[in-house]
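Asks: Input file: query_7.cif. Contents: mmCIF, C-alpha atoms and all ligand atoms.
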```cif
data_entry
#
loop_
_atom_site.group_PDB
_atom_site.id
_atom_site.type_symbol
_atom_site.label_atom_id
_atom_site.label_comp_id
_atom_site.auth_asym_id
_atom_site.auth_seq_id
_atom_site.Cartn_x
_atom_site.Cartn_y
_atom_site.Cartn_z
ATOM 1 C CA MET A 2 111.215 104.588 98.212
ATOM 2 C CA GLU A 3 108.005 103.606 99.945
ATOM 3 C CA GLU A 4 104.990 103.675 97.747
ATOM 4 C CA LEU A 5 101.279 102.987 98.090
ATOM 5 C CA ILE A 6 99.615 101.441 95.061
ATOM 6 C CA ILE A 7 95.846 101.515 95.123
ATOM 7 C CA LEU A 8 94.715 98.418 93.232
ATOM 8 C CA GLY A 9 90.975 98.828 93.667
ATOM 9 C CA THR A 10 88.670 101.509 95.042
ATOM 10 C CA GLY A 11 85.133 100.156 94.799
ATOM 11 C CA ASN A 12 82.671 98.610 97.208
ATOM 12 C CA ALA A 13 81.344 95.067 96.716
ATOM 13 C CA ASN A 14 78.840 95.987 93.980
ATOM 14 C CA VAL A 15 81.041 97.870 91.546
ATOM 15 C CA THR A 16 81.439 97.083 87.848
ATOM 16 C CA LYS A 17 83.450 100.114 86.644
ATOM 17 C CA CYS A 18 86.426 99.570 88.945
ATOM 18 C CA TYR A 19 87.878 96.815 91.144
ATOM 19 C CA ASN A 20 87.037 96.129 94.788
ATOM 20 C CA THR A 21 89.104 97.937 97.398
ATOM 21 C CA CYS A 22 92.615 96.586 97.957
ATOM 22 C CA PHE A 23 96.132 98.023 97.855
ATOM 23 C CA ALA A 24 99.825 97.250 98.082
ATOM 24 C CA ILE A 25 102.679 98.967 99.867
ATOM 25 C CA LYS A 26 106.014 98.819 98.104
ATOM 26 C CA SER A 27 109.221 98.823 100.090
ATOM 27 C CA GLY A 28 112.387 98.225 98.107
ATOM 28 C CA GLU A 29 111.556 95.539 95.571
ATOM 29 C CA GLU A 30 108.905 93.827 97.724
ATOM 30 C CA TYR A 31 105.191 94.390 98.204
ATOM 31 C CA PHE A 32 102.836 94.016 101.169
ATOM 32 C CA LEU A 33 99.369 93.296 99.789
ATOM 33 C CA VAL A 34 96.278 94.258 101.800
ATOM 34 C CA ASP A 35 93.119 92.395 100.774
ATOM 35 C CA ALA A 36 92.700 91.092 97.242
ATOM 36 C CA GLY A 37 89.256 92.117 96.060
ATOM 37 C CA GLY A 38 86.540 89.799 94.877
ATOM 38 C CA GLY A 39 88.186 87.474 92.394
ATOM 39 C CA ASN A 40 90.397 86.884 89.408
ATOM 40 C CA GLY A 41 90.413 90.644 88.719
ATOM 41 C CA ILE A 42 93.268 90.906 91.212
ATOM 42 C CA LEU A 43 95.518 89.312 88.583
ATOM 43 C CA ARG A 44 94.653 92.031 86.090
ATOM 44 C CA GLN A 45 95.165 94.801 88.649
ATOM 45 C CA LEU A 46 98.581 93.434 89.628
ATOM 46 C CA GLU A 47 99.554 93.137 85.979
ATOM 47 C CA LEU A 48 98.452 96.716 85.222
ATOM 48 C CA ALA A 49 100.308 97.971 88.297
ATOM 49 C CA GLU A 50 103.373 95.985 87.183
ATOM 50 C CA ILE A 51 103.583 94.144 90.469
ATOM 51 C CA PRO A 52 105.167 90.732 89.867
ATOM 52 C CA MET A 53 103.600 87.985 91.925
ATOM 53 C CA GLU A 54 107.097 86.749 92.778
ATOM 54 C CA LYS A 55 107.613 89.956 94.761
ATOM 55 C CA ILE A 56 104.611 89.405 97.038
ATOM 56 C CA HIS A 57 105.454 87.382 100.148
ATOM 57 C CA HIS A 58 103.091 88.999 102.653
ATOM 58 C CA ILE A 59 99.325 89.412 102.364
ATOM 59 C CA PHE A 60 96.896 90.644 105.005
ATOM 60 C CA LEU A 61 93.224 89.773 104.774
ATOM 61 C CA SER A 62 90.935 92.111 106.729
ATOM 62 C CA HIS A 63 87.723 90.069 106.796
ATOM 63 C CA GLU A 64 85.640 87.378 105.188
ATOM 64 C CA HIS A 65 83.393 89.335 102.812
ATOM 65 C CA THR A 66 83.428 88.333 99.155
ATOM 66 C CA ASP A 67 84.822 91.651 97.932
ATOM 67 C CA HIS A 68 87.960 91.164 100.044
ATOM 68 C CA LEU A 69 88.452 87.413 100.386
ATOM 69 C CA LEU A 70 87.830 85.744 97.048
ATOM 70 C CA GLY A 71 90.802 87.411 95.383
ATOM 71 C CA MET A 72 92.915 85.752 98.091
ATOM 72 C CA ILE A 73 91.927 82.339 96.781
ATOM 73 C CA TRP A 74 93.398 83.381 93.425
ATOM 74 C CA MET A 75 96.563 84.684 95.033
ATOM 75 C CA ILE A 76 97.040 81.388 96.848
ATOM 76 C CA ARG A 77 96.357 79.399 93.693
ATOM 77 C CA MET A 78 98.661 81.449 91.461
ATOM 78 C CA ILE A 79 101.542 81.635 93.924
ATOM 79 C CA ALA A 80 101.224 77.928 94.749
ATOM 80 C CA GLN A 81 101.501 77.216 91.038
ATOM 81 C CA ARG A 82 104.670 79.314 90.811
ATOM 82 C CA ILE A 83 106.136 77.543 93.847
ATOM 83 C CA LYS A 84 105.484 74.191 92.146
ATOM 84 C CA GLN A 85 107.133 75.438 88.958
ATOM 85 C CA GLY A 86 110.172 76.672 90.881
ATOM 86 C CA LYS A 87 109.380 80.258 89.900
ATOM 87 C CA TYR A 88 108.817 81.683 93.388
ATOM 88 C CA GLU A 89 111.534 82.073 95.981
ATOM 89 C CA GLY A 90 110.805 81.881 99.692
ATOM 90 C CA LYS A 91 107.501 81.404 101.490
ATOM 91 C CA LEU A 92 104.168 83.154 101.222
ATOM 92 C CA HIS A 93 102.893 84.563 104.539
ATOM 93 C CA LEU A 94 99.175 85.219 105.020
ATOM 94 C CA TYR A 95 97.918 87.207 108.013
ATOM 95 C CA MET A 96 94.336 87.329 109.237
ATOM 96 C CA HIS A 97 92.343 87.240 112.468
ATOM 97 C CA SER A 98 92.207 83.750 113.881
ATOM 98 C CA ASP A 99 88.502 83.136 113.108
ATOM 99 C CA LEU A 100 89.149 83.733 109.418
ATOM 100 C CA ILE A 101 91.541 80.861 108.863
ATOM 101 C CA GLU A 102 88.946 78.087 108.780
ATOM 102 C CA PRO A 103 86.533 79.843 106.365
ATOM 103 C CA LEU A 104 89.434 80.659 104.058
ATOM 104 C CA MET A 105 90.784 77.120 104.208
ATOM 105 C CA THR A 106 87.333 75.680 103.502
ATOM 106 C CA ILE A 107 87.049 77.673 100.285
ATOM 107 C CA VAL A 108 90.637 76.843 99.338
ATOM 108 C CA ARG A 109 90.031 73.117 99.849
ATOM 109 C CA LEU A 110 86.827 73.225 97.804
ATOM 110 C CA THR A 111 88.232 75.192 94.883
ATOM 111 C CA VAL A 112 92.001 74.764 94.629
ATOM 112 C CA GLN A 113 93.782 71.615 93.389
ATOM 113 C CA GLY A 114 95.090 69.312 96.104
ATOM 114 C CA LYS A 115 98.714 69.565 94.995
ATOM 115 C CA PHE A 116 98.550 73.298 95.691
ATOM 116 C CA VAL A 117 96.595 72.966 98.951
ATOM 117 C CA LYS A 118 99.355 70.663 100.232
ATOM 118 C CA LEU A 119 101.780 73.614 100.214
ATOM 119 C CA ILE A 120 99.809 75.279 102.999
ATOM 120 C CA GLY A 121 101.631 74.869 106.268
ATOM 121 C CA ASP A 122 104.904 74.341 104.422
ATOM 122 C CA MET A 123 105.568 76.965 101.746
ATOM 123 C CA ILE A 124 102.380 78.950 102.399
ATOM 124 C CA LEU A 125 102.034 79.942 106.040
ATOM 125 C CA LEU A 126 98.880 81.186 107.724
ATOM 126 C CA HIS A 127 99.466 83.531 110.654
ATOM 127 C CA PRO A 128 96.462 83.927 112.981
ATOM 128 C CA LEU A 129 96.165 87.325 114.635
ATOM 129 C CA GLU A 130 94.514 88.469 117.847
ATOM 130 C CA ASP A 131 93.523 92.039 118.704
ATOM 131 C CA GLY A 132 96.671 94.082 119.353
ATOM 132 C CA ASP A 133 99.087 91.568 117.813
ATOM 133 C CA GLN A 134 102.108 92.755 115.911
ATOM 134 C CA ALA A 135 103.868 91.049 113.031
ATOM 135 C CA GLN A 136 107.129 91.599 111.182
ATOM 136 C CA ILE A 137 106.190 92.299 107.567
ATOM 137 C CA LEU A 138 108.997 93.437 105.245
ATOM 138 C CA ASP A 139 110.629 96.265 107.219
ATOM 139 C CA TYR A 140 107.415 97.051 109.065
ATOM 140 C CA CYS A 141 105.898 96.035 112.361
ATOM 141 C CA PRO A 142 102.150 96.690 112.031
ATOM 142 C CA THR A 143 99.836 96.484 115.030
ATOM 143 C CA PHE A 144 96.582 94.828 114.071
ATOM 144 C CA PHE A 145 93.341 95.815 115.761
ATOM 145 C CA ASP A 146 89.765 94.605 115.864
ATOM 146 C CA ILE A 147 87.483 97.297 114.409
ATOM 147 C CA ARG A 148 84.588 95.580 116.287
ATOM 148 C CA SER A 149 82.392 95.222 113.243
ATOM 149 C CA GLU A 150 78.855 94.054 113.849
ATOM 150 C CA LYS A 151 78.680 92.420 110.404
ATOM 151 C CA ALA A 152 81.748 90.208 110.322
ATOM 152 C CA LYS A 153 84.843 90.269 112.517
ATOM 153 C CA GLN A 154 87.329 92.584 110.871
ATOM 154 C CA TYR A 155 90.846 93.838 111.605
ATOM 155 C CA GLY A 156 92.631 97.013 110.562
ATOM 156 C CA PHE A 157 96.238 97.943 111.291
ATOM 157 C CA THR A 158 98.562 100.822 112.005
ATOM 158 C CA MET A 159 102.313 101.009 111.466
ATOM 159 C CA ARG A 160 105.302 103.289 111.199
ATOM 160 C CA LEU A 161 106.720 103.597 107.729
ATOM 161 C CA LEU A 162 110.489 103.532 107.285
ATOM 162 C CA ASN A 163 110.381 107.311 106.931
ATOM 163 C CA GLY A 164 108.792 107.486 110.419
ATOM 164 C CA LYS A 165 105.324 108.385 109.221
ATOM 165 C CA LYS A 166 102.206 106.820 110.721
ATOM 166 C CA PHE A 167 100.092 104.764 108.317
ATOM 167 C CA THR A 168 96.648 103.538 109.370
ATOM 168 C CA PHE A 169 94.217 101.266 107.568
ATOM 169 C CA ALA A 170 90.750 101.312 109.127
ATOM 170 C CA GLY A 171 89.145 98.469 107.163
ATOM 171 C CA ASP A 172 85.910 99.044 105.270
ATOM 172 C CA GLU A 173 83.789 100.527 108.045
ATOM 173 C CA PRO A 174 83.756 103.976 109.652
ATOM 174 C CA CYS A 175 86.514 104.575 112.201
ATOM 175 C CA ARG A 176 84.898 104.564 115.636
ATOM 176 C CA GLU A 177 86.031 105.823 119.041
ATOM 177 C CA TRP A 178 87.891 102.689 120.087
ATOM 178 C CA GLU A 179 90.026 102.967 116.932
ATOM 179 C CA TYR A 180 90.875 106.638 117.440
ATOM 180 C CA PRO A 181 94.242 106.012 119.148
ATOM 181 C CA TYR A 182 95.323 104.022 116.090
ATOM 182 C CA ALA A 183 94.326 106.814 113.720
ATOM 183 C CA GLU A 184 95.137 109.936 115.774
ATOM 184 C CA GLY A 185 97.696 112.104 113.994
ATOM 185 C CA ALA A 186 98.130 109.622 111.147
ATOM 186 C CA ASP A 187 100.229 110.874 108.251
ATOM 187 C CA TRP A 188 98.308 108.511 105.996
ATOM 188 C CA PHE A 189 94.790 107.380 106.816
ATOM 189 C CA LEU A 190 92.890 105.000 104.524
ATOM 190 C CA HIS A 191 89.177 105.185 105.185
ATOM 191 C CA GLU A 192 86.010 104.083 103.429
ATOM 192 C CA ALA A 193 83.383 106.456 102.040
ATOM 193 C CA PHE A 194 80.452 104.599 100.527
ATOM 194 C CA CYS A 195 78.980 107.626 98.745
ATOM 195 C CA LEU A 196 78.494 111.374 98.939
ATOM 196 C CA TYR A 197 76.641 112.684 101.990
ATOM 197 C CA ARG A 198 74.146 114.314 99.642
ATOM 198 C CA ASP A 199 73.389 110.900 98.093
ATOM 199 C CA ARG A 200 72.838 109.158 101.427
ATOM 200 C CA GLU A 201 69.120 108.640 100.760
ATOM 201 C CA ILE A 202 69.952 106.817 97.526
ATOM 202 C CA TYR A 203 72.684 104.480 98.819
ATOM 203 C CA LYS A 204 71.733 104.310 102.509
ATOM 204 C CA PRO A 205 75.319 103.868 103.730
ATOM 205 C CA HIS A 206 74.499 104.043 107.418
ATOM 206 C CA GLU A 207 72.222 101.032 107.454
ATOM 207 C CA LYS A 208 75.070 99.088 105.822
ATOM 208 C CA PHE A 209 77.557 100.240 108.479
ATOM 209 C CA HIS A 210 79.280 102.510 105.972
ATOM 210 C CA THR A 211 79.714 106.251 105.873
ATOM 211 C CA THR A 212 79.856 109.232 103.524
ATOM 212 C CA VAL A 213 82.543 111.577 102.242
ATOM 213 C CA LYS A 214 81.533 114.446 104.536
ATOM 214 C CA GLU A 215 81.476 112.277 107.653
ATOM 215 C CA ALA A 216 84.759 110.526 106.874
ATOM 216 C CA CYS A 217 86.366 113.946 106.420
ATOM 217 C CA GLU A 218 84.959 115.172 109.721
ATOM 218 C CA THR A 219 86.400 112.149 111.517
ATOM 219 C CA ALA A 220 89.810 112.617 109.892
ATOM 220 C CA GLU A 221 89.794 116.312 110.805
ATOM 221 C CA LYS A 222 89.012 115.498 114.427
ATOM 222 C CA LEU A 223 91.913 113.013 114.447
ATOM 223 C CA HIS A 224 94.421 115.512 112.966
ATOM 224 C CA VAL A 225 95.115 113.309 109.957
ATOM 225 C CA LYS A 226 97.512 114.743 107.381
ATOM 226 C CA ASN A 227 96.686 112.739 104.257
ATOM 227 C CA LEU A 228 93.275 111.120 103.887
ATOM 228 C CA ILE A 229 92.538 108.547 101.208
ATOM 229 C CA LEU A 230 88.872 107.719 100.611
ATOM 230 C CA TYR A 231 87.832 104.557 98.786
ATOM 231 C CA HIS A 232 85.416 101.583 98.953
ATOM 232 C CA THR A 233 82.807 103.672 97.132
ATOM 233 C CA GLU A 234 79.857 103.229 94.808
ATOM 234 C CA ASP A 235 80.755 103.677 91.121
ATOM 235 C CA ARG A 236 77.671 105.132 89.440
ATOM 236 C CA ASN A 237 79.529 108.258 88.353
ATOM 237 C CA TYR A 238 83.015 106.803 88.369
ATOM 238 C CA GLU A 239 84.460 109.214 85.775
ATOM 239 C CA ASN A 240 83.587 112.223 87.925
ATOM 240 C CA ARG A 241 84.016 110.588 91.318
ATOM 241 C CA LYS A 242 87.311 112.266 92.169
ATOM 242 C CA GLU A 243 85.952 115.741 91.447
ATOM 243 C CA LEU A 244 82.586 115.214 93.155
ATOM 244 C CA TYR A 245 83.926 113.522 96.290
ATOM 245 C CA THR A 246 86.812 115.944 96.689
ATOM 246 C CA ALA A 247 84.472 118.914 96.353
ATOM 247 C CA GLU A 248 82.148 117.573 99.038
ATOM 248 C CA GLY A 249 84.910 116.640 101.469
ATOM 249 C CA ARG A 250 87.165 119.676 101.161
ATOM 250 C CA PRO A 251 85.225 122.048 103.494
ATOM 251 C CA TYR A 252 85.342 119.464 106.296
ATOM 252 C CA PHE A 253 89.001 118.454 106.154
ATOM 253 C CA SER A 254 92.042 120.717 106.243
ATOM 254 C CA GLY A 255 94.673 118.115 105.324
ATOM 255 C CA ASN A 256 95.306 116.591 101.907
ATOM 256 C CA LEU A 257 92.250 114.778 100.603
ATOM 257 C CA TYR A 258 92.647 112.080 97.973
ATOM 258 C CA VAL A 259 89.954 110.139 96.151
ATOM 259 C CA PRO A 260 92.069 107.897 93.926
ATOM 260 C CA TYR A 261 91.023 105.970 90.895
ATOM 261 C CA ASP A 262 92.151 102.346 90.616
ATOM 262 C CA LEU A 263 95.900 102.038 90.027
ATOM 263 C CA GLU A 264 96.837 105.471 91.361
ATOM 264 C CA ARG A 265 100.124 105.523 93.261
ATOM 265 C CA PHE A 266 101.307 107.633 96.189
ATOM 266 C CA GLU A 267 104.816 108.270 97.367
ATOM 267 C CA LEU A 268 104.424 107.835 101.113
HETATM 268 ZN ZN ZN A 301 84.119 95.661 101.500
#
```
Starting from the coordinates I provided, produce the structure as structure tokens.
Replies:
Amino acid sequence: MEELIILGTGNANVTKCYNTCFAIKSGEEYFLVDAGGGNGILRQLELAEIPMEKIHHIFLSHEHTDHLLGMIWMIRMIAQRIKQGKYEGKLHLYMHSDLIEPLMTIVRLTVQGKFVKLIGDMILLHPLEDGDQAQILDYCPTFFDIRSEKAKQYGFTMRLLNGKKFTFAGDEPCREWEYPYAEGADWFLHEAFCLYRDREIYKPHEKFHTTVKEACETAEKLHVKNLILYHTEDRNYENRKELYTAEGRPYFSGNLYVPYDLERFEL
């Protein structure tokens, strides 16, 4: 069974949930996408019952704190397990080529040398260019540059084993050049910073983010079947699902999901 496990659903500023990241389960293995902003990734993995020994592939979308710093923890914790003989095989990290040096700089400054030495041997960094494909578990995702104006960022699209199209658009609104990657997606993961009606409070557009209504309109135009919205503010976290779903529903005819952290989807 292929399963999507949403580990975090918040934007960078949240305190009531974790930063946006997720894992795809295929068989006994997991493909992790981003890792949130820190040590909280360990808690989310524990709560989701994802053993670190079953993660051999991680994709990092971009350099921002709420996506990258959890990666430092993943590297540290898996390196420790490798040293202890508790992790079989190699860890593969995928990211756009300009991201490798910033990541390595932080790793070198914060992770013990004996762990850093595993990089290039047991921990492999795979630089990606726009349009590159990689073999990850049973998948062959195509990575694409979302052409962010804030920091270079990649998304990806892939066929699931069941033939369905799965597209991750990063943490910015899907724009025209990404449409071919998202058109007709069975599963489309898209950010929604806040409700459209709260746009004057959170000012999503000046931060290159979007709202529930607009994300739904884009997904409708692209004939998406299942839309997952995340990377949100968390002021009214308890009622977020209800409020966001209510706003988005009139603009999107497919299945709209606004998951809480740790929700799971059979893909
Ligand atoms: Zn973000």
Asks: Point out the residue among A:Ala193, A:Leu162, A:Cys141, A:Leu228 with the least atom-to-atom distance to ligand ZN 301 (chain A), counting all atoms listed in the file.
Replies: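 Counting all atoms listed in the file, the residue closest to ligand ZN 301 (chain A) is A:Ala193.
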Asks: Give me the residues within 7 Å of Leu5 of chain A as a PyMOL selection string, counting all atoms listed in the file and dropping any in the same chain fewer than 3 places off.
Replies: chain A and resi 24-26+265-268
Asks: What's the separation between atom CA of Thr233 of chain A and atom CA of Trp74 of chain A, in Å to one decimal place?
Replies: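 Taking atom CA of Thr233 of chain A as the start and atom CA of Trp74 of chain A as the end point, the length is 23.2 Å.
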Asks: Compare A:Gln45, A:Asn240, A:Thr66, A:Ser254 by their minimum atom-to-atom distance to Asn12 of chain A, counting all atoms listed in the file, and give me the closest one.
Replies: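 For Asn12 of chain A, the nearest of the given residues is A:Thr66.
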Asks: Give the answer as one residue: which of A:Lys226, A:His232, A:Lys87, A:Lys165 has the shortest atom-to-atom distance to ligand ZN 301 (chain A), using all atoms listed in the file?
Replies: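 Checking each of A:Lys226, A:His232, A:Lys87, A:Lys165 against ligand ZN 301 (chain A), counting all atoms listed in the file, the winner is A:His232.
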Asks: Taking all atoms listed in the file into account, report as a list in words which residues have an atom no farther than 6 Å from an atom of ligand ZN 301 (chain A).
Replies: Asn12, Ala13, Asp67 and Asp172 of chain A
Asks: Within 10 Å of Asn227 of chain A, counting only C-alpha atoms, which residues show up once you throw out same-chain ones fewer than 6 positions away? Write them as a list in words, please.
Replies: Phe167, Gly185, Ala186, Asp187, Trp188, Phe189, Leu190, Ala220, Phe253, Ser254, Gly255, Asn256, Leu257, Tyr258 and Leu268 of chain A
Asks: Selection from above, C-alpha atoms, as a PDB file, in the coordinates of the input, can you write it?
Replies:
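Heads up, here's the output in part_35.pdb:
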```
ATOM      1  CA  PHE A 167     100.092 104.764 108.317  1.00  0.00           C
ATOM      2  CA  GLY A 185      97.696 112.104 113.994  1.00  0.00           C
ATOM      3  CA  ALA A 186      98.130 109.622 111.147  1.00  0.00           C
ATOM      4  CA  ASP A 187     100.229 110.874 108.251  1.00  0.00           C
ATOM      5  CA  TRP A 188      98.308 108.511 105.996  1.00  0.00           C
ATOM      6  CA  PHE A 189      94.790 107.380 106.816  1.00  0.00           C
ATOM      7  CA  LEU A 190      92.890 105.000 104.524  1.00  0.00           C
ATOM      8  CA  ALA A 220      89.810 112.617 109.892  1.00  0.00           C
ATOM      9  CA  PHE A 253      89.001 118.454 106.154  1.00  0.00           C
ATOM     10  CA  SER A 254      92.042 120.717 106.243  1.00  0.00           C
ATOM     11  CA  GLY A 255      94.673 118.115 105.324  1.00  0.00           C
ATOM     12  CA  ASN A 256      95.306 116.591 101.907  1.00  0.00           C
ATOM     13  CA  LEU A 257      92.250 114.778 100.603  1.00  0.00           C
ATOM     14  CA  TYR A 258      92.647 112.080  97.973  1.00  0.00           C
ATOM     15  CA  LEU A 268     104.424 107.835 101.113  1.00  0.00           C
TER      16      LEU A 268
END
```
Asks: So what do you get for atom CA of Ile202 of chain A versus atom CA of His68 of chain A, distance-wise?
Replies: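 Result for atom CA of Ile202 of chain A versus atom CA of His68 of chain A: 24.0 Å, one decimal.
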Asks: Give the answer as one residue: which of A:Asp262, A:Glu89, A:Glu177, A:Asp133 has the shortest atom-to-atom distance to Arg44 of chain A, using only C-alpha atoms?
Replies: A:Asp262
Asks: For Glu264 of chain A, list every protein, DNA or RNA residue within 9 Å, evaluated using all atoms listed in the file, and leave out those in the same chain fewer than 3 positions away; present the list as an NGL selection string.
Replies: :A and (5-8 or 49 or 260-261)
Asks: Rounded to one decimal in Å, what is the spacing between atom CA of Tyr19 of chain A and atom CA of His191 of chain A?
Replies: 16.4 Å
Asks: Name the closest residue to Val15 of chain A among the candidates A:Arg160, A:Tyr231, A:Asp122, A:Leu263; distances are taken between atoms, counting only C-alpha atoms.
Replies: A:Tyr231
Asks: Evaluate the PyMOL selection byres (((chain A and resi 217) around 9) and not hetatm) here and jot the selected residues down as a PyMOL selection string.
Replies: chain A and resi 212-216+218-222+228+230+249-254+257
Asks: Have a look at A:Tyr31, A:Tyr238, A:Phe60, A:Tyr245 and name the one nearest to Gln154 of chain A; count all atoms listed in the file.
Replies: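 Closest residue, counting all atoms listed in the file: A:Phe60.
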Asks: Determine, counting only C-alpha atoms, which protein, DNA and RNA residues have an atom within 7 Å of an atom of Phe145 of chain A; residues of the same chain fewer than 4 positions away are not included. Present the result as a list of chain:residue names.
Replies: A:Asp131, A:Gly132, A:Tyr155, A:Gly156, A:Phe157
Asks: Please evaluate the PyMOL selection byres (((chain A and resi 28) around 10) and not hetatm) against the displayed coordinates and give the resulting residues as an mmCIF file with C-alpha atoms, in the coordinates of the input.
Replies:
```cif
data_model
loop_
_atom_site.group_PDB
_atom_site.id
_atom_site.type_symbol
_atom_site.label_atom_id
_atom_site.label_comp_id
_atom_site.auth_asym_id
_atom_site.auth_seq_id
_atom_site.Cartn_x
_atom_site.Cartn_y
_atom_site.Cartn_z
ATOM 1 C CA MET A 2 111.215 104.588 98.212
ATOM 2 C CA GLU A 3 108.005 103.606 99.945
ATOM 3 C CA GLU A 4 104.990 103.675 97.747
ATOM 4 C CA ILE A 25 102.679 98.967 99.867
ATOM 5 C CA LYS A 26 106.014 98.819 98.104
ATOM 6 C CA SER A 27 109.221 98.823 100.090
ATOM 7 C CA GLU A 29 111.556 95.539 95.571
ATOM 8 C CA GLU A 30 108.905 93.827 97.724
ATOM 9 C CA TYR A 31 105.191 94.390 98.204
ATOM 10 C CA LEU A 138 108.997 93.437 105.245
ATOM 11 C CA ASP A 139 110.629 96.265 107.219
#
```
Asks: Go through the shown structure with the PyMOL selection byres (((chain A and resi 211) around 9) and not hetatm) and write out the matching residues as JSON, numbers by chain.
Replies: {"A": [173, 174, 192, 193, 194, 195, 196, 197, 200, 204, 205, 206, 208, 209, 210, 212, 213, 214, 215, 216]}
Asks: N, CA and C atoms are what I want for segment 169-180 of chain A; can you complete it accordingly and write them as a tab-separated table (two decimals), in the coordinates of the input?
Replies:
```tsv
chain	number	residue	atom	x	y	z
A	169	PHE	N	95.26	101.86	108.41
A	169	PHE	CA	94.22	101.27	107.57
A	169	PHE	C	93.05	100.89	108.47
A	170	ALA	N	91.89	101.49	108.22
A	170	ALA	CA	90.75	101.31	109.13
A	170	ALA	C	89.73	100.28	108.64
A	171	GLY	N	90.10	99.46	107.65
A	171	GLY	CA	89.14	98.47	107.16
A	171	GLY	C	88.08	99.13	106.29
A	172	ASP	N	86.94	98.47	106.15
A	172	ASP	CA	85.91	99.04	105.27
A	172	ASP	C	84.67	99.51	106.02
A	173	GLU	N	84.89	99.93	107.28
A	173	GLU	CA	83.79	100.53	108.04
A	173	GLU	C	84.28	101.83	108.66
A	174	PRO	N	83.35	102.70	109.07
A	174	PRO	CA	83.76	103.98	109.65
A	174	PRO	C	84.64	103.78	110.89
A	175	CYS	N	85.63	104.62	111.04
A	175	CYS	CA	86.51	104.58	112.20
A	175	CYS	C	85.72	105.05	113.42
A	176	ARG	N	85.65	104.20	114.44
A	176	ARG	CA	84.90	104.56	115.64
A	176	ARG	C	85.82	104.81	116.83
A	177	GLU	N	85.22	105.32	117.91
A	177	GLU	CA	86.03	105.82	119.04
A	177	GLU	C	87.14	104.90	119.50
A	178	TRP	N	86.86	103.61	119.57
A	178	TRP	CA	87.89	102.69	120.09
A	178	TRP	C	89.08	102.55	119.13
A	179	GLU	N	88.91	103.01	117.88
A	179	GLU	CA	90.03	102.97	116.93
A	179	GLU	C	90.80	104.29	116.90
A	180	TYR	N	90.27	105.31	117.55
A	180	TYR	CA	90.88	106.64	117.44
A	180	TYR	C	92.37	106.67	117.78
```
